[in-house]
>>> print(open('input.txt').read())   # compact mmCIF, C-alpha atoms and all ligand atoms
# COMPACT_ATOMS: atom_id res chain seq x y z
CA MET A 868 33.77 -11.38 4.96
CA ASP A 869 30.05 -10.52 5.30
CA ASP A 870 29.34 -12.16 1.90
CA PRO A 871 27.79 -15.60 2.62
CA ARG A 872 29.77 -16.99 -0.36
CA SER A 873 33.12 -16.06 1.22
CA ASP A 874 35.74 -18.80 1.48
CA PRO A 875 35.31 -20.42 4.97
CA SER A 876 39.06 -20.82 5.54
CA LEU A 877 39.60 -17.12 4.74
CA VAL A 878 36.72 -16.22 7.09
CA ALA A 879 38.43 -18.18 9.92
CA ARG A 880 41.74 -16.46 9.21
CA THR A 881 39.95 -13.08 9.12
CA LEU A 882 38.53 -13.74 12.60
CA ARG A 883 42.07 -14.57 13.81
CA HIS A 884 43.28 -11.30 12.30
CA LEU A 885 40.44 -9.40 14.02
CA GLU A 886 41.68 -10.88 17.30
CA LEU A 887 45.14 -9.45 16.51
CA VAL A 888 43.56 -6.03 15.84
CA ASN A 889 41.63 -6.28 19.12
CA ARG A 890 44.83 -7.01 21.06
CA THR A 891 46.95 -4.33 19.41
CA LEU A 892 45.03 -1.45 17.79
CA SER A 893 41.41 -1.47 18.89
CA ARG A 894 41.81 -0.08 22.46
CA VAL A 895 38.81 -2.20 23.43
CA ARG A 896 40.68 -3.54 26.46
CA THR A 897 41.44 0.01 27.64
CA LEU A 898 37.76 0.93 27.36
CA LEU A 899 36.51 -2.19 29.12
CA ARG A 900 39.05 -1.78 31.92
CA ARG A 901 38.12 1.88 32.36
CA PHE A 902 34.34 1.81 31.98
CA VAL A 903 33.31 -1.76 32.84
CA ILE A 904 35.79 -3.45 35.18
CA GLN A 905 36.72 -0.27 37.07
CA ASP A 906 33.00 0.51 37.42
CA MET A 907 32.39 -2.97 38.91
CA VAL A 908 35.38 -2.76 41.25
CA SER A 909 34.59 0.75 42.50
CA ARG A 910 31.01 -0.30 43.31
CA GLY A 911 32.15 -3.48 45.08
CA ILE A 912 30.35 -5.69 42.57
CA GLN A 913 31.43 -9.34 42.71
CA GLN A 914 29.25 -10.74 39.92
CA ALA A 915 28.08 -9.10 36.71
CA SER A 916 26.63 -9.98 33.33
CA VAL A 917 27.76 -8.59 29.99
CA LEU A 918 26.22 -8.87 26.52
CA ASP A 919 28.70 -8.55 23.64
CA VAL A 920 26.69 -7.68 20.50
CA GLY A 921 28.27 -8.65 17.17
CA ALA A 922 30.85 -10.62 19.13
CA GLY A 923 32.56 -12.27 16.13
CA GLY A 924 35.13 -14.80 17.35
CA GLY A 925 34.39 -14.11 21.05
CA ASP A 926 37.93 -13.12 22.03
CA VAL A 927 36.81 -9.84 23.65
CA GLY A 928 34.39 -11.71 25.94
CA LEU A 929 37.05 -14.25 26.91
CA TRP A 930 39.50 -11.46 27.76
CA LEU A 931 36.82 -9.72 29.86
CA VAL A 932 36.06 -12.88 31.86
CA ARG A 933 39.77 -13.41 32.59
CA GLU A 934 40.46 -9.76 33.41
CA GLY A 935 37.41 -9.69 35.70
CA ALA A 936 38.67 -12.81 37.54
CA ARG A 937 42.06 -11.12 37.99
CA ARG A 938 40.28 -8.13 39.63
CA GLY A 939 38.03 -10.33 41.80
CA VAL A 940 34.84 -10.02 39.73
CA SER A 941 33.02 -13.02 38.31
CA ILE A 942 31.76 -11.93 34.88
CA ARG A 943 29.35 -13.93 32.74
CA VAL A 944 29.42 -12.95 29.05
CA THR A 945 26.81 -13.64 26.38
CA CYS A 946 28.21 -13.31 22.86
CA VAL A 947 25.61 -12.76 20.13
CA ASP A 948 26.33 -12.70 16.41
CA ALA A 949 24.20 -13.04 13.29
CA ASP A 950 26.87 -14.80 11.21
CA ALA A 951 26.73 -18.59 11.63
CA ARG A 952 30.40 -18.88 10.58
CA ALA A 953 31.50 -16.46 13.32
CA VAL A 954 29.31 -18.31 15.83
CA GLY A 955 30.89 -21.66 14.83
CA TYR A 956 34.37 -20.19 15.18
CA ALA A 957 33.51 -18.65 18.58
CA LYS A 958 32.12 -21.97 19.84
CA ASP A 959 35.39 -23.72 18.93
CA ARG A 960 37.57 -20.91 20.24
CA VAL A 961 35.89 -19.84 23.50
CA GLY A 962 32.62 -21.79 23.79
CA ARG A 963 33.95 -24.33 26.28
CA HIS A 964 34.51 -21.63 28.89
CA ALA A 965 31.82 -21.99 31.59
CA ALA A 966 31.32 -18.21 31.88
CA ILE A 967 30.64 -17.67 28.17
CA ASP A 968 27.37 -18.27 26.31
CA ILE A 969 27.33 -18.04 22.54
CA VAL A 970 24.08 -17.15 20.81
CA HIS A 971 23.37 -17.13 17.08
CA GLY A 972 20.98 -14.28 16.31
CA SER A 973 20.37 -10.66 15.52
CA LEU A 974 21.53 -8.02 17.96
CA PHE A 975 18.11 -6.35 17.59
CA GLU A 976 16.28 -9.44 18.79
CA VAL A 977 18.35 -10.75 21.68
CA GLU A 978 16.18 -10.62 24.82
CA GLY A 979 17.11 -10.62 28.50
CA GLN A 980 18.73 -8.26 30.98
CA TRP A 981 22.44 -7.60 31.24
CA ASP A 982 24.39 -5.21 33.48
CA TYR A 983 26.58 -4.04 30.60
CA VAL A 984 26.04 -4.15 26.83
CA ILE A 985 29.29 -3.85 24.88
CA SER A 986 30.24 -3.88 21.21
CA ASN A 987 33.47 -3.63 19.28
CA HIS A 988 33.66 -2.65 15.60
CA VAL A 989 29.99 -3.36 14.93
CA LEU A 990 28.31 0.05 14.56
CA HIS A 991 29.89 0.74 11.16
CA HIS A 992 28.05 -2.36 9.84
CA LEU A 993 24.74 -0.63 10.59
CA ARG A 994 22.77 2.18 8.95
CA ASP A 995 22.09 5.27 11.08
CA GLU A 996 18.48 4.27 11.77
CA GLU A 997 19.68 0.80 12.82
CA ILE A 998 22.13 2.37 15.28
CA VAL A 999 19.26 4.34 16.81
CA GLY A 1000 17.27 1.08 16.89
CA LEU A 1001 20.17 -0.65 18.65
CA LEU A 1002 20.37 2.20 21.17
CA GLU A 1003 16.65 1.79 21.86
CA HIS A 1004 16.99 -1.98 22.21
CA ALA A 1005 19.97 -1.55 24.54
CA TRP A 1006 17.95 0.95 26.61
CA ARG A 1007 15.51 -1.88 27.35
CA ILE A 1008 17.96 -4.72 27.99
CA CYS A 1009 20.83 -2.91 29.75
CA ARG A 1010 20.74 -2.36 33.53
CA ARG A 1011 23.83 -0.21 33.93
CA ARG A 1012 26.10 0.82 31.03
CA ILE A 1013 26.73 0.54 27.32
CA VAL A 1014 30.32 0.71 26.07
CA TRP A 1015 30.55 0.67 22.29
CA ASN A 1016 33.83 1.03 20.44
CA ASP A 1017 34.17 1.77 16.75
CA LEU A 1018 36.30 3.29 14.01
CA LEU A 1019 37.05 6.98 13.67
CA ARG A 1020 36.87 7.98 9.99
CA SER A 1021 40.13 9.78 9.23
CA ARG A 1022 43.05 9.82 6.81
CA PHE A 1023 45.36 8.96 9.70
CA SER A 1024 43.38 5.73 10.33
CA LEU A 1025 43.37 4.81 6.64
CA PHE A 1026 47.13 5.24 6.16
CA GLY A 1027 47.98 3.68 9.51
CA PHE A 1028 45.81 0.59 9.01
CA SER A 1029 46.95 0.27 5.41
CA ALA A 1030 50.58 -0.04 6.57
CA PHE A 1031 49.76 -2.31 9.56
CA SER A 1032 47.64 -4.71 7.49
CA ALA A 1033 50.11 -4.86 4.58
CA LEU A 1034 52.69 -6.18 7.05
CA LEU A 1035 50.59 -8.46 9.27
CA MET A 1036 47.32 -9.41 7.57
CA ARG A 1037 47.95 -11.36 4.42
CA GLY A 1038 45.61 -14.08 3.16
CA SER A 1039 42.36 -12.91 4.75
CA TYR A 1040 39.56 -10.41 4.22
CA ALA A 1041 40.77 -8.30 7.15
CA ARG A 1042 42.83 -5.79 5.14
CA ALA A 1043 40.21 -5.04 2.45
CA ASP A 1044 37.31 -5.12 4.94
CA GLY A 1045 39.23 -2.96 7.40
CA LEU A 1046 39.87 -0.20 4.85
CA VAL A 1047 36.20 -0.17 3.77
CA SER A 1048 35.19 -0.20 7.45
CA ILE A 1049 37.30 2.90 8.21
CA LEU A 1050 35.54 4.73 5.36
CA ARG A 1051 32.24 3.70 6.98
CA GLY A 1052 33.48 4.82 10.41
CA PHE A 1053 32.29 7.87 12.34
CA ARG A 1054 33.16 11.37 13.43
CA PRO A 1055 32.19 12.01 17.06
CA ARG A 1056 29.49 14.53 16.13
CA GLU A 1057 27.74 11.89 13.96
CA LEU A 1058 27.45 9.48 16.89
CA ARG A 1059 26.35 12.32 19.17
CA ARG A 1060 23.53 13.12 16.75
CA LEU A 1061 22.34 9.48 16.85
CA ILE A 1062 22.44 9.46 20.66
CA GLN A 1063 20.35 12.65 20.67
CA ALA A 1064 17.71 10.82 18.60
CA SER A 1065 17.45 8.03 21.19
CA SER A 1066 16.44 7.39 24.78
CA TRP A 1067 20.12 7.76 25.77
CA ARG A 1068 19.90 11.54 25.17
CA GLY A 1069 21.74 13.18 28.09
CA GLN A 1070 22.79 9.76 29.39
CA ALA A 1071 25.63 8.91 27.00
CA CYS A 1072 28.69 10.62 25.62
CA VAL A 1073 31.23 10.10 22.88
CA GLY A 1074 35.02 10.02 23.20
CA THR A 1075 37.99 9.21 21.02
CA LEU A 1076 41.17 7.26 21.57
CA LEU A 1077 44.32 6.93 19.50
CA PRO A 1078 44.75 5.21 17.14
CA GLY A 1079 41.54 6.05 15.32
CA ARG A 1080 38.87 4.91 17.74
CA VAL A 1081 35.60 6.57 18.67
CA TYR A 1082 33.43 5.23 21.47
CA VAL A 1083 30.07 5.66 23.15
CA VAL A 1084 29.62 5.23 26.89
CA GLY A 1085 26.15 5.53 28.35
CA GLN A 1086 24.70 4.94 31.77
CA THR A 1087 21.05 4.27 32.45
CA THR A 1088 19.20 6.50 34.89
CA ARG A 1089 17.84 3.39 36.56
CA CYS A 1090 21.11 2.30 38.12
CA ASP A 1091 21.93 3.30 41.68
CA GLY A 1092 24.52 5.96 42.21
CA ALA A 1093 24.48 7.18 38.61
CA HIS A 1094 25.28 10.67 39.79
CA GLU A 1095 26.78 10.05 43.22
CA GLY A 1096 27.68 13.23 45.07
CA GLY A 1097 25.91 15.35 42.46
CA GLY A 1098 29.00 15.24 40.19
CA GLU A 1099 29.34 13.88 36.69
CA PRO A 1100 29.72 10.14 36.16
CA ASP A 1101 33.41 9.21 35.55
CA TYR A 1102 32.88 8.48 31.85
CA VAL A 1103 31.68 12.02 31.08
CA GLN A 1104 34.95 13.58 32.25
CA SER A 1105 36.95 10.87 30.54
CA ALA A 1106 35.19 11.35 27.20
CA ARG A 1107 35.58 15.13 27.47
CA ASN A 1108 39.33 14.75 28.05
CA SER A 1109 39.73 12.27 25.21
CA LEU A 1110 38.05 14.62 22.76
CA ALA A 1111 40.29 17.48 23.86
CA VAL A 1112 43.42 15.35 23.39
CA SER A 1113 42.52 14.05 19.94
CA SER A 1114 40.61 16.97 18.49
CA SER A 1115 43.17 17.25 15.71
CA MET A 1116 41.92 13.95 14.28
CA ARG A 1117 38.31 15.02 13.81
C1 LIG B 1201 33.99 -6.45 12.36
S1 LIG B 1201 33.15 -7.78 13.13
C2 LIG B 1201 33.63 -7.50 14.83
C3 LIG B 1201 33.58 -8.75 15.62
C4 LIG B 1201 34.00 -8.62 17.08
N1 LIG B 1201 33.14 -7.70 17.79
C5 LIG B 1201 35.44 -8.22 17.22
O1 LIG B 1201 35.70 -7.23 17.88
O2 LIG B 1201 36.31 -8.91 16.68
C6 LIG B 1201 31.45 -7.30 13.16
C7 LIG B 1201 30.54 -8.43 13.62
O3 LIG B 1201 29.22 -7.90 13.78
C8 LIG B 1201 28.30 -8.89 13.38
N2 LIG B 1201 27.02 -8.24 13.04
C9 LIG B 1201 26.80 -7.27 12.13
N3 LIG B 1201 25.48 -6.96 12.09
C10 LIG B 1201 24.86 -7.76 13.02
C11 LIG B 1201 23.51 -7.92 13.46
N4 LIG B 1201 22.51 -7.20 12.93
N5 LIG B 1201 23.25 -8.83 14.44
C12 LIG B 1201 24.26 -9.57 14.99
N6 LIG B 1201 25.56 -9.47 14.60
C13 LIG B 1201 25.86 -8.58 13.63
C14 LIG B 1201 28.98 -9.52 12.17
O4 LIG B 1201 28.44 -10.81 11.89
C15 LIG B 1201 30.43 -9.56 12.62
O5 LIG B 1201 30.76 -10.78 13.25
>>> encode(input="input.txt", output="structure tokens")
Amino acid sequence: MDDPRSDPSLVARTLRHLELVNRTLSRVRTLLRRFVIQDMVSRGIQQASVLDVGAGGGDVGLWLVREGARRGVSIRVTCVDADARAVGYAKDRVGRHAAIDIVHGSLFEVEGQWDYVISNHVLHHLRDEEIVGLLEHAWRICRRRIVWNDLLRSRFSLFGFSAFSALLMRGSYARADGLVSILRGFRPRELRRLIQASSWRGQACVGTLLPGRVYVVGQTTRCDGAHEGGGEPDYVQSARNSLAVSSSMR
């Protein structure tokens, strides 16, 4: 799909298939409920801003706005993506929503301040040094938390996605791209090493979720109540538990 010469109708169908993956396999909603919405609700926040980097078709941002409204939080989401075809699709699909802004551009260049910076299935598109660069950029533009979800590299993921996509993802780039993406995915220790090389050292941790997801959650030191009561932030315990549960997949 990343090839600029790709067939536009197949690109549109691929973005629809990515939406299906986001709803069913990606666990992105679990992560955003747990580390973004729950964080807002527990702090009594009524308004918050979120930047979704590499937002693709924008469906994750739309879900977040609606879920926030259901929990009494007004969330404004900025979706940024470098691919003009994804941006066009997102404008048609979610761009009319008043709480969503769609920006065409590089995730390394987007400027502003957001409470949360999220990403879903984007890190495996980047080289290691670019991921460290993105961590540094996020350190500057994020007020509270990053929540980044990606693919765990494992045989289980390859076989599982191969079967899922053979059944449900015909006529798009999603199956072929998805299998290559899993091979470019991460083991938790690889993401931990990149965090160590960035300003998020000691401020972010890595967890895993079935099926085949690995995530980074980080909290800036600047936000109030980062270590309320002297204990660990909620995400540290959660990531530790997730790694214990799924250690057989690493
Ligand atoms: C696999 S898609 C995921 C899209 C979306 N996050 C989702 O969950 O469906 C990865 C997206 O990251 C975008 N992307 C990759 N590198 C980027 C960069 N340097 N700047 C902005 N977007 C980028 C691609 O254009 C693509 O839309």
>>> axis_aligned_box(input="input.txt", around="ligand LIG 1201 (chain B)", padding_each_side="6 Å", output="lines of an AutoDock Vina configuration file")
center_x = 29.4
center_y = -8.6
center_z = 14.9
size_x = 25.8
size_y = 16.4
size_z = 18.0
>>> residues_around(input="input.txt", residues="A:Ala949", least_positions_apart="4", cutoff="7 Å", atoms="all atoms listed in the file", output="list in words")
His971, Gly972 and Ser973 of chain A
>>> residues_near_point(input="input.txt", point="(34.3, -25.6, 20.1)", cutoff="12 Å", atoms="only C-alpha atoms", output="ChimeraX atom specification")
/A:924-925,953-964,967-969
>>> write_last_selection(input="input.txt", atoms="C-alpha atoms", output="compact mmCIF listing (two decimals), in the coordinates of the input")
# COMPACT_ATOMS: atom_id res chain seq x y z
CA GLY A 924 35.13 -14.80 17.35
CA GLY A 925 34.39 -14.11 21.05
CA ALA A 953 31.50 -16.46 13.32
CA VAL A 954 29.31 -18.31 15.83
CA GLY A 955 30.89 -21.66 14.83
CA TYR A 956 34.37 -20.19 15.18
CA ALA A 957 33.51 -18.65 18.58
CA LYS A 958 32.12 -21.97 19.84
CA ASP A 959 35.39 -23.72 18.93
CA ARG A 960 37.57 -20.91 20.24
CA VAL A 961 35.89 -19.84 23.50
CA GLY A 962 32.62 -21.79 23.79
CA ARG A 963 33.95 -24.33 26.28
CA HIS A 964 34.51 -21.63 28.89
CA ILE A 967 30.64 -17.67 28.17
CA ASP A 968 27.37 -18.27 26.31
CA ILE A 969 27.33 -18.04 22.54
>>> residues_around(input="input.txt", residues="A:Ile1013", least_positions_apart="5", cutoff="12 Å", atoms="all atoms listed in the file", output="PDB file with C-alpha atoms, in the coordinates of the input")
ATOM      1  CA  LEU A 898      37.760   0.930  27.360  1.00  0.00           C
ATOM      2  CA  LEU A 899      36.510  -2.190  29.120  1.00  0.00           C
ATOM      3  CA  PHE A 902      34.340   1.810  31.980  1.00  0.00           C
ATOM      4  CA  VAL A 903      33.310  -1.760  32.840  1.00  0.00           C
ATOM      5  CA  ASP A 906      33.000   0.510  37.420  1.00  0.00           C
ATOM      6  CA  VAL A 917      27.760  -8.590  29.990  1.00  0.00           C
ATOM      7  CA  LEU A 918      26.220  -8.870  26.520  1.00  0.00           C
ATOM      8  CA  ASP A 919      28.700  -8.550  23.640  1.00  0.00           C
ATOM      9  CA  VAL A 920      26.690  -7.680  20.500  1.00  0.00           C
ATOM     10  CA  TRP A 981      22.440  -7.600  31.240  1.00  0.00           C
ATOM     11  CA  ASP A 982      24.390  -5.210  33.480  1.00  0.00           C
ATOM     12  CA  TYR A 983      26.580  -4.040  30.600  1.00  0.00           C
ATOM     13  CA  VAL A 984      26.040  -4.150  26.830  1.00  0.00           C
ATOM     14  CA  ILE A 985      29.290  -3.850  24.880  1.00  0.00           C
ATOM     15  CA  SER A 986      30.240  -3.880  21.210  1.00  0.00           C
ATOM     16  CA  ASN A 987      33.470  -3.630  19.280  1.00  0.00           C
ATOM     17  CA  LEU A1001      20.170  -0.650  18.650  1.00  0.00           C
ATOM     18  CA  LEU A1002      20.370   2.200  21.170  1.00  0.00           C
ATOM     19  CA  GLU A1003      16.650   1.790  21.860  1.00  0.00           C
ATOM     20  CA  HIS A1004      16.990  -1.980  22.210  1.00  0.00           C
ATOM     21  CA  ALA A1005      19.970  -1.550  24.540  1.00  0.00           C
ATOM     22  CA  TRP A1006      17.950   0.950  26.610  1.00  0.00           C
ATOM     23  CA  ARG A1007      15.510  -1.880  27.350  1.00  0.00           C
ATOM     24  CA  ILE A1008      17.960  -4.720  27.990  1.00  0.00           C
ATOM     25  CA  ILE A1062      22.440   9.460  20.660  1.00  0.00           C
ATOM     26  CA  TRP A1067      20.120   7.760  25.770  1.00  0.00           C
ATOM     27  CA  GLN A1070      22.790   9.760  29.390  1.00  0.00           C
ATOM     28  CA  ALA A1071      25.630   8.910  27.000  1.00  0.00           C
ATOM     29  CA  CYS A1072      28.690  10.620  25.620  1.00  0.00           C
ATOM     30  CA  VAL A1073      31.230  10.100  22.880  1.00  0.00           C
ATOM     31  CA  TYR A1082      33.430   5.230  21.470  1.00  0.00           C
ATOM     32  CA  VAL A1083      30.070   5.660  23.150  1.00  0.00           C
ATOM     33  CA  VAL A1084      29.620   5.230  26.890  1.00  0.00           C
ATOM     34  CA  GLY A1085      26.150   5.530  28.350  1.00  0.00           C
ATOM     35  CA  GLN A1086      24.700   4.940  31.770  1.00  0.00           C
ATOM     36  CA  THR A1087      21.050   4.270  32.450  1.00  0.00           C
ATOM     37  CA  TYR A1102      32.880   8.480  31.850  1.00  0.00           C
TER      38      TYR A1102
END
>>> atom_distance(input="input.txt", atom1="atom CA of A:Met1036", atom2="atom CA of A:Pro875")
16.5 Å
>>> closest_residue(input="input.txt", among="A:Asp995, A:Asp950, A:Asp874, A:Asp1017", to="A:Leu1077", atoms="only C-alpha atoms")
A:Asp1017
>>> atom_distance(input="input.txt", atom1="atom CA of A:Asn889", atom2="atom CA of A:Arg1056")
24.3 Å
>>> residues_around(input="input.txt", residues="A:Gly939", least_positions_apart="2", cutoff="10 Å", atoms="only C-alpha atoms", output="short mmCIF file (atom, residue, chain, number, x, y, z; two decimals) with C-alpha atoms, in the coordinates of the input")
data_model
loop_
_atom_site.label_atom_id
_atom_site.label_comp_id
_atom_site.auth_asym_id
_atom_site.auth_seq_id
_atom_site.Cartn_x
_atom_site.Cartn_y
_atom_site.Cartn_z
CA ILE A 904 35.79 -3.45 35.18
CA MET A 907 32.39 -2.97 38.91
CA VAL A 908 35.38 -2.76 41.25
CA GLY A 911 32.15 -3.48 45.08
CA ILE A 912 30.35 -5.69 42.57
CA GLN A 913 31.43 -9.34 42.71
CA GLN A 914 29.25 -10.74 39.92
CA ARG A 933 39.77 -13.41 32.59
CA GLU A 934 40.46 -9.76 33.41
CA GLY A 935 37.41 -9.69 35.70
CA ALA A 936 38.67 -12.81 37.54
CA ARG A 937 42.06 -11.12 37.99
CA SER A 941 33.02 -13.02 38.31
CA ILE A 942 31.76 -11.93 34.88
#
>>> atom_distance(input="input.txt", atom1="atom O1 of ligand LIG 1201 (chain B)", atom2="atom CA of A:His991")
11.9 Å
>>> closest_residue(input="input.txt", among="A:Phe975, A:Phe1023, A:Trp1015, A:Phe1031", to="ligand LIG 1201 (chain B)", atoms="only C-alpha atoms and all ligand atoms")
A:Phe975
>>> closest_residue(input="input.txt", among="A:Leu877, A:Gln905, A:Gly1045, A:Gly1027", to="ligand LIG 1201 (chain B)", atoms="only C-alpha atoms and all ligand atoms")
A:Gly1045
>>> residues_around(input="input.txt", residues="A:Thr881", least_positions_apart="6", cutoff="10 Å", atoms="all atoms listed in the file", output="number ranges by chain")
A: 868, 875, 887, 924, 1036-1042, 1044
